[in-house]
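J.: Provided below: query07.cif, containing mmCIF, C-alpha atoms.
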```cif
data_protein
#
loop_
_atom_site.label_atom_id
_atom_site.label_comp_id
_atom_site.auth_asym_id
_atom_site.auth_seq_id
_atom_site.Cartn_x
_atom_site.Cartn_y
_atom_site.Cartn_z
CA ARG A 1 7.31 18.96 -3.08
CA LYS A 2 5.79 15.46 -3.23
CA GLU A 3 5.08 13.71 0.06
CA VAL A 4 7.28 10.79 -0.97
CA GLU A 5 9.85 10.58 -3.75
CA GLN A 6 11.44 7.45 -5.13
CA ASP A 7 13.54 6.85 -8.21
CA PRO A 8 11.29 4.57 -10.29
CA GLY A 9 14.28 2.86 -11.94
CA PRO A 10 14.43 0.28 -13.28
CA PHE A 11 17.60 -0.82 -11.60
CA ASN A 12 19.12 -3.66 -13.66
CA VAL A 13 21.76 -5.57 -11.73
CA PRO A 14 23.50 -8.94 -12.12
CA GLU A 15 23.01 -11.72 -9.61
CA GLY A 16 25.24 -11.29 -6.61
CA ALA A 17 25.37 -7.51 -6.87
CA THR A 18 24.68 -5.09 -4.06
CA VAL A 19 22.02 -2.49 -4.77
CA ALA A 20 20.66 0.39 -2.73
CA PHE A 21 17.52 2.50 -2.99
CA ASN A 22 16.72 5.77 -1.29
CA CYS A 23 13.38 7.36 -0.63
CA THR A 24 12.79 10.90 0.61
CA TYR A 25 9.82 12.20 2.53
CA SER A 26 8.64 15.76 2.97
CA ASN A 27 6.84 15.65 6.32
CA SER A 28 9.32 15.81 9.17
CA ALA A 29 6.58 14.68 11.56
CA SER A 30 6.49 11.18 10.05
CA GLN A 31 6.75 8.65 12.83
CA SER A 32 6.91 5.26 11.17
CA PHE A 33 8.74 3.95 8.15
CA PHE A 34 8.53 0.74 6.17
CA TRP A 35 9.68 -1.00 3.02
CA TYR A 36 7.14 -3.11 1.14
CA ARG A 37 7.64 -5.30 -1.88
CA GLN A 38 5.18 -5.66 -4.75
CA ASP A 39 5.46 -8.37 -7.40
CA CYS A 40 3.75 -7.95 -10.76
CA ARG A 41 1.03 -5.62 -9.40
CA LYS A 42 -0.01 -8.19 -6.79
CA GLU A 43 -0.64 -7.19 -3.20
CA PRO A 44 2.21 -5.33 -1.46
CA LYS A 45 3.99 -7.38 1.20
CA LEU A 46 5.73 -5.94 4.22
CA LEU A 47 9.48 -6.39 3.83
CA MET A 48 10.70 -4.63 6.94
CA SER A 49 10.12 -1.76 9.30
CA VAL A 50 12.78 0.94 9.45
CA TYR A 51 14.08 2.14 12.79
CA SER A 52 16.27 5.07 13.74
CA SER A 53 19.04 2.71 14.76
CA GLY A 54 18.84 0.88 11.43
CA ASN A 55 17.92 -2.75 11.12
CA GLU A 56 19.04 -5.79 9.22
CA ASP A 57 17.22 -8.90 8.09
CA GLY A 58 19.48 -11.33 6.29
CA ARG A 59 20.63 -9.71 3.06
CA PHE A 60 18.46 -6.65 3.61
CA THR A 61 19.46 -3.57 5.59
CA ALA A 62 17.24 -0.56 6.17
CA GLN A 63 18.38 2.83 7.43
CA LEU A 64 16.60 6.00 8.49
CA ASN A 65 18.14 9.45 8.25
CA ARG A 66 15.82 11.86 10.01
CA ALA A 67 18.05 14.90 9.49
CA SER A 68 17.96 14.52 5.71
CA GLN A 69 14.49 12.96 5.70
CA TYR A 70 15.15 9.80 3.79
CA ILE A 71 15.15 6.06 4.26
CA SER A 72 17.28 3.56 2.41
CA LEU A 73 17.21 -0.12 1.56
CA LEU A 74 20.36 -2.09 0.82
CA ILE A 75 20.18 -5.53 -0.75
CA ARG A 76 23.34 -7.61 -0.73
CA ASP A 77 24.07 -10.66 -2.89
CA SER A 78 21.03 -10.05 -5.11
CA LYS A 79 18.98 -13.07 -6.16
CA LEU A 80 16.77 -13.45 -9.20
CA SER A 81 13.85 -13.70 -6.79
CA ASP A 82 14.57 -10.19 -5.53
CA SER A 83 13.22 -8.81 -8.81
CA ALA A 84 10.20 -6.75 -7.79
CA THR A 85 9.03 -3.22 -7.10
CA TYR A 86 10.09 -1.84 -3.72
CA LEU A 87 7.77 0.64 -2.07
CA CYS A 88 8.73 3.02 0.70
CA VAL A 89 5.98 3.84 3.15
CA PHE A 90 5.55 6.53 5.76
CA GLY A 91 2.99 6.77 8.48
CA GLY A 92 1.96 8.64 11.54
CA SER A 93 2.66 12.12 10.25
CA SER A 94 -0.92 13.27 10.31
CA ASN A 95 -3.35 13.21 13.17
CA THR A 96 -4.76 10.04 11.73
CA GLY A 97 -1.63 8.06 11.00
CA LYS A 98 -2.51 7.05 7.47
CA LEU A 99 0.18 5.19 5.52
CA ILE A 100 1.54 6.98 2.46
CA PHE A 101 3.19 4.93 -0.29
CA GLY A 102 5.91 5.96 -2.67
CA GLN A 103 5.61 5.20 -6.39
CA GLY A 104 8.05 2.33 -6.08
CA THR A 105 11.49 1.45 -7.41
CA THR A 106 11.69 -1.43 -9.85
CA LEU A 107 14.56 -3.88 -9.48
CA GLN A 108 15.47 -6.41 -12.15
CA VAL A 109 18.12 -8.95 -11.20
CA LYS A 110 19.66 -10.61 -14.26
CA PRO A 111 21.43 -14.00 -14.38
CA ASN B 1 -4.75 -17.55 10.84
CA ALA B 2 -6.22 -16.42 7.55
CA GLY B 3 -4.82 -13.29 5.99
CA VAL B 4 -6.76 -10.30 4.76
CA MET B 5 -9.55 -11.54 2.50
CA GLN B 6 -10.94 -9.44 -0.31
CA ASN B 7 -13.79 -10.36 -2.58
CA PRO B 8 -14.52 -10.52 -5.31
CA ARG B 9 -11.05 -10.86 -6.83
CA HIS B 10 -12.32 -9.62 -10.17
CA LEU B 11 -15.38 -7.50 -10.80
CA VAL B 12 -16.78 -6.30 -14.09
CA ARG B 13 -19.39 -3.57 -14.12
CA ARG B 14 -21.07 -1.58 -16.86
CA ARG B 15 -20.92 2.19 -16.70
CA GLY B 16 -23.54 3.50 -14.32
CA GLN B 17 -23.75 0.37 -12.17
CA GLU B 18 -22.69 0.06 -8.56
CA ALA B 19 -19.58 -1.77 -7.37
CA ARG B 20 -19.27 -3.21 -3.87
CA LEU B 21 -15.86 -4.38 -2.70
CA ARG B 22 -15.48 -6.35 0.50
CA CYS B 23 -12.57 -6.68 2.87
CA SER B 24 -12.36 -8.98 5.87
CA PRO B 25 -9.36 -8.03 8.03
CA MET B 26 -7.04 -10.44 9.74
CA LYS B 27 -8.33 -11.85 13.00
CA GLY B 28 -7.82 -9.37 15.80
CA HIS B 29 -7.30 -6.41 13.47
CA SER B 30 -9.70 -3.52 13.92
CA HIS B 31 -8.08 -1.04 11.52
CA VAL B 32 -8.61 -1.09 7.76
CA TYR B 33 -7.09 0.98 4.95
CA TRP B 34 -8.27 1.13 1.34
CA TYR B 35 -5.95 1.99 -1.55
CA ARG B 36 -6.44 2.31 -5.30
CA GLN B 37 -3.79 1.45 -7.86
CA LEU B 38 -4.25 2.57 -11.44
CA PRO B 39 -2.27 0.88 -14.22
CA GLU B 40 1.37 1.98 -14.19
CA GLU B 41 0.84 4.05 -11.03
CA GLY B 42 1.51 3.72 -7.32
CA LEU B 43 -0.90 3.04 -4.48
CA LYS B 44 -3.10 5.99 -3.63
CA PHE B 45 -4.57 6.25 -0.15
CA MET B 46 -8.35 6.43 -0.12
CA VAL B 47 -9.69 5.92 3.39
CA TYR B 48 -8.72 4.66 6.83
CA LEU B 49 -11.37 3.13 9.07
CA GLN B 50 -11.60 1.69 12.52
CA LYS B 51 -14.58 -0.37 13.61
CA GLU B 52 -17.68 1.84 13.13
CA ASN B 53 -15.54 4.95 12.55
CA ILE B 54 -14.00 6.71 9.59
CA ILE B 55 -10.64 7.98 10.79
CA ASP B 56 -9.40 9.61 7.60
CA GLU B 57 -11.21 9.86 4.27
CA SER B 58 -9.00 12.54 2.77
CA GLY B 59 -8.22 10.36 -0.25
CA MET B 60 -11.79 9.53 -1.16
CA PRO B 61 -13.35 11.25 -4.18
CA LYS B 62 -16.10 13.57 -2.98
CA GLU B 63 -18.82 11.91 -5.01
CA ARG B 64 -19.89 8.34 -5.72
CA PHE B 65 -17.43 6.72 -3.28
CA SER B 66 -18.21 5.63 0.27
CA ALA B 67 -16.74 3.23 2.80
CA GLU B 68 -17.84 1.61 6.00
CA PHE B 69 -16.50 -0.81 8.57
CA PRO B 70 -19.40 -2.01 10.71
CA LYS B 71 -19.15 -3.57 14.13
CA GLU B 72 -19.86 -6.95 12.58
CA GLY B 73 -18.86 -8.07 9.12
CA PRO B 74 -16.38 -6.90 6.51
CA SER B 75 -15.41 -3.43 5.48
CA ILE B 76 -17.19 -2.31 2.31
CA LEU B 77 -15.97 0.11 -0.33
CA ARG B 78 -18.90 1.21 -2.46
CA ILE B 79 -18.66 2.97 -5.80
CA GLN B 80 -21.90 4.24 -7.26
CA GLN B 81 -22.50 4.97 -10.95
CA VAL B 82 -19.11 3.63 -12.00
CA VAL B 83 -17.22 5.23 -14.89
CA ARG B 84 -14.36 3.87 -17.01
CA GLY B 85 -11.86 5.85 -14.95
CA ASP B 86 -12.77 3.79 -11.88
CA SER B 87 -11.14 0.74 -13.46
CA ALA B 88 -8.25 -0.11 -11.15
CA ALA B 89 -6.99 -2.52 -8.52
CA TYR B 90 -8.43 -1.78 -5.09
CA PHE B 91 -6.39 -3.05 -2.18
CA CYS B 92 -7.42 -3.32 1.41
CA ALA B 93 -4.94 -3.57 4.29
CA SER B 94 -5.59 -4.33 7.93
CA SER B 95 -3.59 -3.45 11.01
CA PRO B 96 -3.78 -4.58 14.62
CA ARG B 97 -2.95 -1.16 16.03
CA GLY B 98 -3.39 1.27 13.14
CA PHE B 99 -2.27 4.88 13.39
CA GLY B 100 0.77 4.46 11.20
CA THR B 101 1.87 1.02 12.34
CA GLU B 102 2.42 -1.92 10.01
CA ALA B 103 -0.43 -3.10 7.83
CA PHE B 104 -1.03 -6.28 5.83
CA PHE B 105 -2.67 -6.40 2.45
CA GLY B 106 -5.33 -8.50 0.83
CA GLN B 107 -4.96 -9.76 -2.73
CA GLY B 108 -7.03 -6.92 -4.11
CA THR B 109 -10.11 -6.56 -6.26
CA ARG B 110 -9.58 -5.80 -9.94
CA LEU B 111 -12.46 -3.64 -11.09
CA THR B 112 -13.10 -3.30 -14.79
CA VAL B 113 -15.75 -0.89 -16.02
CA VAL B 114 -16.99 -1.59 -19.53
#
```
Hey, can you dump this file as structure tokens for me?

T.:
Amino acid sequence: RKEVEQDPGPFNVPEGATVAFNCTYSNSASQSFFWYRQDCRKEPKLLMSVYSSGNEDGRFTAQLNRASQYISLLIRDSKLSDSATYLCVFGGSSNTGKLIFGQGTTLQVKP
Amino acid sequence: NAGVMQNPRHLVRRRGQEARLRCSPMKGHSHVYWYRQLPEEGLKFMVYLQKENIIDESGMPKERFSAEFPKEGPSILRIQQVVRGDSAAYFCASSPRGFGTEAFFGQGTRLTVV
């Protein structure tokens, strides 16, 4: 089983739609979880950390399900500017705490 | 507060030459990660360093690749005797606390081997 699995998409949605991505991880010892965003193969940018209690930042909501070993990202009221690749990231599962990236899910928001 | 600085942004090398990629972390950050991204692929972990220490190099190819993060100066990723397959974007990220906490990326170095 891969360390991290994401549906690559693309997800094509109209403006204003709500879209959700999931990402599963194989190592139950993972301690930290993040969503990053990458535009056109530029540098990844931290979108939000993911906590056990879930967290929300404006139109973005992130959830962690430890029992089923996945994290999710919900985007409400999609904007054209949300078009990007969304990367799930896990860390802290090894003795060294390296960050492991998923392959990314591509989102295209259409007018 | 400047972000993570990588240079050069673009690097062209002939097969067999050496490539040196530099990464200056954000101020106050003593943890650095290096990642490689091949065309149409995700980010692959290469190495995780703290000042003067290699914490995890499990993603580094066994030959030709090395990394360092000296007490003073930037972190360096060195690729000796480059081959066409080394052509990729190399990203560096720095973290204030490391060990699986949030990290912030530089703009990357695009290496092209001709």

J.: Go through A:Gln63, A:Leu73, A:Val4, A:Pro111 and flag the residue nearest Leu43 in chain B, using only C-alpha atoms for the distances.

T.: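 Distance minimum relative to Leu43 in chain B lands on A:Val4.
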
J.: Pick out the chain B residues within 10 Å of chain A. Count only C-alpha atoms. Give them as a PyMOL selection string.

T.: chain B and resi 33+35+37-49+55-58+89-93+98-109

J.: Compile the contact shell of Gln80 in chain B as a ChimeraX atom specification: residues with an atom at most 7 Å away, counting all atoms listed in the file, same-chain residues fewer than 4 positions apart removed.

T.: /B:17-19,64-65

J.: Can you pull out the residues contacting Asp86 in chain B? Cut-off 10 Å, using only C-alpha atoms, and skip same-chain residues under 5 positions away; I want them as a list in words.

T.: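 My list of contacting residues is Arg15, Ala19, Arg36, Leu38, Ile79, Gln81, Leu111, Thr112 and Val113 of chain B.
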
J.: So which residues touch Ile54 in chain B within 10 Å, counting all atoms listed in the file, skipping near sequence neighbours fewer than 6 positions away, as a list in words?

T.: His31, Val32, Val47, Tyr48, Ala67, Glu68 and Phe69 of chain B

J.: So how far away is CA of Pro70 in chain B from CA of Val83 in chain B, in Å?

T.: 26.7 Å

J.: List the residues matched by the PyMOL selection byres ((chain A and resi 68-71) around 8) in the displayed structure as a list in words, ordered by chain and then by residue number.

T.: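 Checked against the file, the PyMOL selection byres ((chain A and resi 68-71) around 8) matches Asn22, Cys23, Thr24, Tyr25, Ser26, Ser28, Phe33, Val50, Ala62, Gln63, Leu64, Asn65, Arg66, Ala67, Ser72, Leu73 and Cys88 of chain A.
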
J.: Suppose you want the space between CA of Cys40 in chain A and CA of Arg97 in chain B; what is it in Å?

T.: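 Between these atoms lies a distance of 28.4 Å.
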
J.: Residues within 10 Å of Gln108 in chain A, please, as a list of chain:residue names. Count only C-alpha atoms; anything in the same chain fewer than 4 positions from it doesn't count.

T.: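 Residues meeting the cut-off are A:Gly9, A:Pro10, A:Phe11, A:Asn12, A:Val13, A:Pro14, A:Glu15, A:Ser78, A:Lys79, A:Leu80, A:Ser81, A:Asp82, A:Ser83, A:Ala84, A:Thr85.
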
J.: Let me make sure I understand: among B:Pro96, B:Val82, B:Lys27, B:Pro74, which one has the smallest atom-to-atom distance to Ala2 in chain B if we use all atoms listed in the file?

T.: B:Lys27
